[in-house]
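Structure first, then comments.
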Amino acid sequence: MSKQLFLGVLLTSSLILSLNPAQASPPEKITNPPASGRMASSLDANAKEKYFQISGFRLEHFRPAKPVAPLSGILAAGNPARPASERTASPVKSQADRLLADARNHLNAPYRRGASLERGRATDCSGFVQYIYGNFDIDLPRSSAEQSQVGKLAAREMNFAQLMPGDLLFFKRSGQRIGHVGIYMGEGQMIHAADRRHGVTITDLHESRLARAFVMAKRVLKTSPRP
């Protein structure tokens with residue numbers, strides 16, 4: 001070795017020792033270090049906390065990444081998504097809902113005074129009401145005047161906030177105090193056997209002259225949820 005090369009090596013070693021005296025001892029010999037791609041998997045639990053010493057410099061290995069937690073909820077393993085029919089229960093229809101659905105089945109039935117759906121296709125207003133409520137085991141008298149004497153008073157004015165679906169609405173007609181009856185549907189609408197021209201129909205009471213002939217509303221259903 002030439003004198004200049006020897007002095008260079010000596011100077012470099014002195015410089016490294018002066019910067020990091022703790023490195024004075026020779027570095028730990030590493031025999032057959034694992035390949036970099038398998039370094040994390042080949043170390044045991046104690047080796048994970050050690051530092052490799054290479055040429056006087058410290059190199060800390062990286063900890064392996066934490067495993068990703070399994071997905072929770074309906075997508076987690078062992079808990080597959082349920083059919084929509086099982087997640088959302090169908091709402092139970094009230095008595096008023098079923099009664100009004102039955103009444104709609106008779107839309108456009110012809111009007112004839114004194115007739116009833118119980119005996120044919122035609123009906124008048126009170127016969128229509130008597131027939132529909134009779135299908136739900138509620139017995140009502142035959143005439144609208146007599147029907148107005150049954151049930152609980154719901155309103156004496158056409159106030160939709162006081163009415164419930166299934167209430168009976170009574171009106172004046174032809175000079176009579178009570179001469180017409182219909183079934184309240186909610187949202188200001190009534191289903192009734194109107195006249196020879198319209199038969200069984202749905203009337204918007206917001207726009208009908210019937211509102212001016214209103215007398216009272218009676219409640220005959222035990223439960224009638226508000227619209």
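By convention here, the chains of the structure tokens are called A, B, ... in the order presented, each chain's residues are numbered starting at 1, and ligands are numbered starting at 1 in the order presented.
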Just list as a PDB file with N, CA and C atoms, in the first residue's frame whatever in segment 90-182 of chain A DSSP marks as helix (DSSP H, G or I).
ATOM      1  N   GLN A  95    -107.867  -0.097   8.968  1.00  0.00           N
ATOM      2  CA  GLN A  95    -109.227  -0.407   8.552  1.00  0.00           C
ATOM      3  C   GLN A  95    -109.732   0.626   7.547  1.00  0.00           C
ATOM      4  N   ALA A  96    -109.401   1.904   7.780  1.00  0.00           N
ATOM      5  CA  ALA A  96    -109.823   2.950   6.847  1.00  0.00           C
ATOM      6  C   ALA A  96    -109.196   2.746   5.471  1.00  0.00           C
ATOM      7  N   ASP A  97    -107.920   2.360   5.417  1.00  0.00           N
ATOM      8  CA  ASP A  97    -107.259   2.113   4.134  1.00  0.00           C
ATOM      9  C   ASP A  97    -107.960   1.002   3.369  1.00  0.00           C
ATOM     10  N   ARG A  98    -108.289  -0.075   4.065  1.00  0.00           N
ATOM     11  CA  ARG A  98    -108.935  -1.207   3.402  1.00  0.00           C
ATOM     12  C   ARG A  98    -110.356  -0.846   2.966  1.00  0.00           C
ATOM     13  N   LEU A  99    -111.046  -0.081   3.799  1.00  0.00           N
ATOM     14  CA  LEU A  99    -112.407   0.326   3.457  1.00  0.00           C
ATOM     15  C   LEU A  99    -112.416   1.210   2.210  1.00  0.00           C
ATOM     16  N   LEU A 100    -111.504   2.159   2.146  1.00  0.00           N
ATOM     17  CA  LEU A 100    -111.444   3.055   0.992  1.00  0.00           C
ATOM     18  C   LEU A 100    -111.005   2.315  -0.273  1.00  0.00           C
ATOM     19  N   ALA A 101    -110.113   1.320  -0.116  1.00  0.00           N
ATOM     20  CA  ALA A 101    -109.715   0.524  -1.276  1.00  0.00           C
ATOM     21  C   ALA A 101    -110.921  -0.238  -1.822  1.00  0.00           C
ATOM     22  N   ASP A 102    -111.761  -0.741  -0.934  1.00  0.00           N
ATOM     23  CA  ASP A 102    -112.973  -1.437  -1.363  1.00  0.00           C
ATOM     24  C   ASP A 102    -113.924  -0.473  -2.074  1.00  0.00           C
ATOM     25  N   ALA A 103    -114.052   0.732  -1.528  1.00  0.00           N
ATOM     26  CA  ALA A 103    -114.941   1.723  -2.150  1.00  0.00           C
ATOM     27  C   ALA A 103    -114.453   2.088  -3.550  1.00  0.00           C
ATOM     28  N   ARG A 104    -113.143   2.207  -3.753  1.00  0.00           N
ATOM     29  CA  ARG A 104    -112.604   2.552  -5.079  1.00  0.00           C
ATOM     30  C   ARG A 104    -112.915   1.469  -6.109  1.00  0.00           C
ATOM     31  N   CYS A 125    -126.611   7.177  -2.820  1.00  0.00           N
ATOM     32  CA  CYS A 125    -125.536   7.579  -1.897  1.00  0.00           C
ATOM     33  C   CYS A 125    -125.550   6.784  -0.596  1.00  0.00           C
ATOM     34  N   SER A 126    -126.695   6.689   0.043  1.00  0.00           N
ATOM     35  CA  SER A 126    -126.760   5.996   1.331  1.00  0.00           C
ATOM     36  C   SER A 126    -126.637   4.481   1.164  1.00  0.00           C
ATOM     37  N   GLY A 127    -127.156   3.958   0.038  1.00  0.00           N
ATOM     38  CA  GLY A 127    -126.994   2.529  -0.232  1.00  0.00           C
ATOM     39  C   GLY A 127    -125.531   2.174  -0.432  1.00  0.00           C
ATOM     40  N   PHE A 128    -124.794   3.060  -1.087  1.00  0.00           N
ATOM     41  CA  PHE A 128    -123.351   2.843  -1.301  1.00  0.00           C
ATOM     42  C   PHE A 128    -122.616   2.804   0.041  1.00  0.00           C
ATOM     43  N   VAL A 129    -122.891   3.791   0.899  1.00  0.00           N
ATOM     44  CA  VAL A 129    -122.230   3.849   2.208  1.00  0.00           C
ATOM     45  C   VAL A 129    -122.597   2.625   3.043  1.00  0.00           C
ATOM     46  N   GLN A 130    -123.877   2.266   3.067  1.00  0.00           N
ATOM     47  CA  GLN A 130    -124.310   1.119   3.851  1.00  0.00           C
ATOM     48  C   GLN A 130    -123.616  -0.161   3.379  1.00  0.00           C
ATOM     49  N   TYR A 131    -123.503  -0.331   2.074  1.00  0.00           N
ATOM     50  CA  TYR A 131    -122.888  -1.537   1.517  1.00  0.00           C
ATOM     51  C   TYR A 131    -121.396  -1.607   1.875  1.00  0.00           C
ATOM     52  N   ILE A 132    -120.656  -0.519   1.683  1.00  0.00           N
ATOM     53  CA  ILE A 132    -119.210  -0.520   1.938  1.00  0.00           C
ATOM     54  C   ILE A 132    -118.921  -0.787   3.412  1.00  0.00           C
ATOM     55  N   TYR A 133    -119.613  -0.121   4.309  1.00  0.00           N
ATOM     56  CA  TYR A 133    -119.351  -0.325   5.736  1.00  0.00           C
ATOM     57  C   TYR A 133    -119.832  -1.699   6.197  1.00  0.00           C
ATOM     58  N   GLY A 134    -120.882  -2.210   5.556  1.00  0.00           N
ATOM     59  CA  GLY A 134    -121.348  -3.552   5.891  1.00  0.00           C
ATOM     60  C   GLY A 134    -120.313  -4.614   5.580  1.00  0.00           C
ATOM     61  N   SER A 144    -129.639   8.375   4.457  1.00  0.00           N
ATOM     62  CA  SER A 144    -128.579   9.273   4.926  1.00  0.00           C
ATOM     63  C   SER A 144    -128.987  10.001   6.207  1.00  0.00           C
ATOM     64  N   ALA A 145    -130.259  10.363   6.353  1.00  0.00           N
ATOM     65  CA  ALA A 145    -130.710  11.041   7.569  1.00  0.00           C
ATOM     66  C   ALA A 145    -130.534  10.143   8.781  1.00  0.00           C
ATOM     67  N   GLU A 146    -130.849   8.858   8.631  1.00  0.00           N
ATOM     68  CA  GLU A 146    -130.678   7.919   9.742  1.00  0.00           C
ATOM     69  C   GLU A 146    -129.200   7.653  10.021  1.00  0.00           C
ATOM     70  N   GLN A 147    -128.394   7.581   8.975  1.00  0.00           N
ATOM     71  CA  GLN A 147    -126.958   7.352   9.158  1.00  0.00           C
ATOM     72  C   GLN A 147    -126.298   8.498   9.914  1.00  0.00           C
ATOM     73  N   PHE A 160    -110.905  20.425   7.065  1.00  0.00           N
ATOM     74  CA  PHE A 160    -110.211  19.190   6.727  1.00  0.00           C
ATOM     75  C   PHE A 160    -109.245  18.747   7.822  1.00  0.00           C
ATOM     76  N   ALA A 161    -108.759  19.685   8.632  1.00  0.00           N
ATOM     77  CA  ALA A 161    -107.844  19.324   9.708  1.00  0.00           C
ATOM     78  C   ALA A 161    -108.538  18.499  10.789  1.00  0.00           C
ATOM     79  N   GLN A 162    -109.853  18.590  10.870  1.00  0.00           N
ATOM     80  CA  GLN A 162    -110.593  17.834  11.882  1.00  0.00           C
ATOM     81  C   GLN A 162    -111.081  16.483  11.364  1.00  0.00           C
TER      82      GLN A 162
END
Identify, on the basis of only C-alpha atoms, every residue whose closest approach to segment 105-112 of chain A does not exceed 6 Å; exclude the query and any residue fewer than 6 positions from it along the same chain; express the result as a JSON list (two decimals) with C-alpha atoms, in the first residue's frame.
[["chain", "number", "residue", "atom", "x", "y", "z"],
["A", 122, "ALA", "CA", -126.46, 0.50, -9.34],
["A", 123, "THR", "CA", -126.70, 2.37, -6.04],
["A", 124, "ASP", "CA", -127.66, 5.64, -4.42],
["A", 195, "ASP", "CA", -125.94, 11.53, -9.22],
["A", 196, "ARG", "CA", -127.18, 9.98, -12.46],
["A", 199, "GLY", "CA", -122.44, 7.62, -10.57],
["A", 200, "VAL", "CA", -119.88, 6.56, -7.93],
["A", 201, "THR", "CA", -117.10, 9.11, -8.21]]
When you draw a straight line from atom CA of His206 of chain A to atom CA of Gln189 of chain A, how long is it in Å?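 Calculated distance between atom CA of His206 of chain A and atom CA of Gln189 of chain A is 8.0 Å.
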One decimal, Å: what's the distance from atom CA of Leu169 of chain A over to atom CA of Val215 of chain A, could you say? 7.9 Å
Ranking A:Leu153, A:Val220, A:Met164, A:Ala213 by minimum distance to Arg177 of chain A and counting only C-alpha atoms, which one comes first?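 Answer, going by the shortest atom-to-atom distance: A:Ala213.
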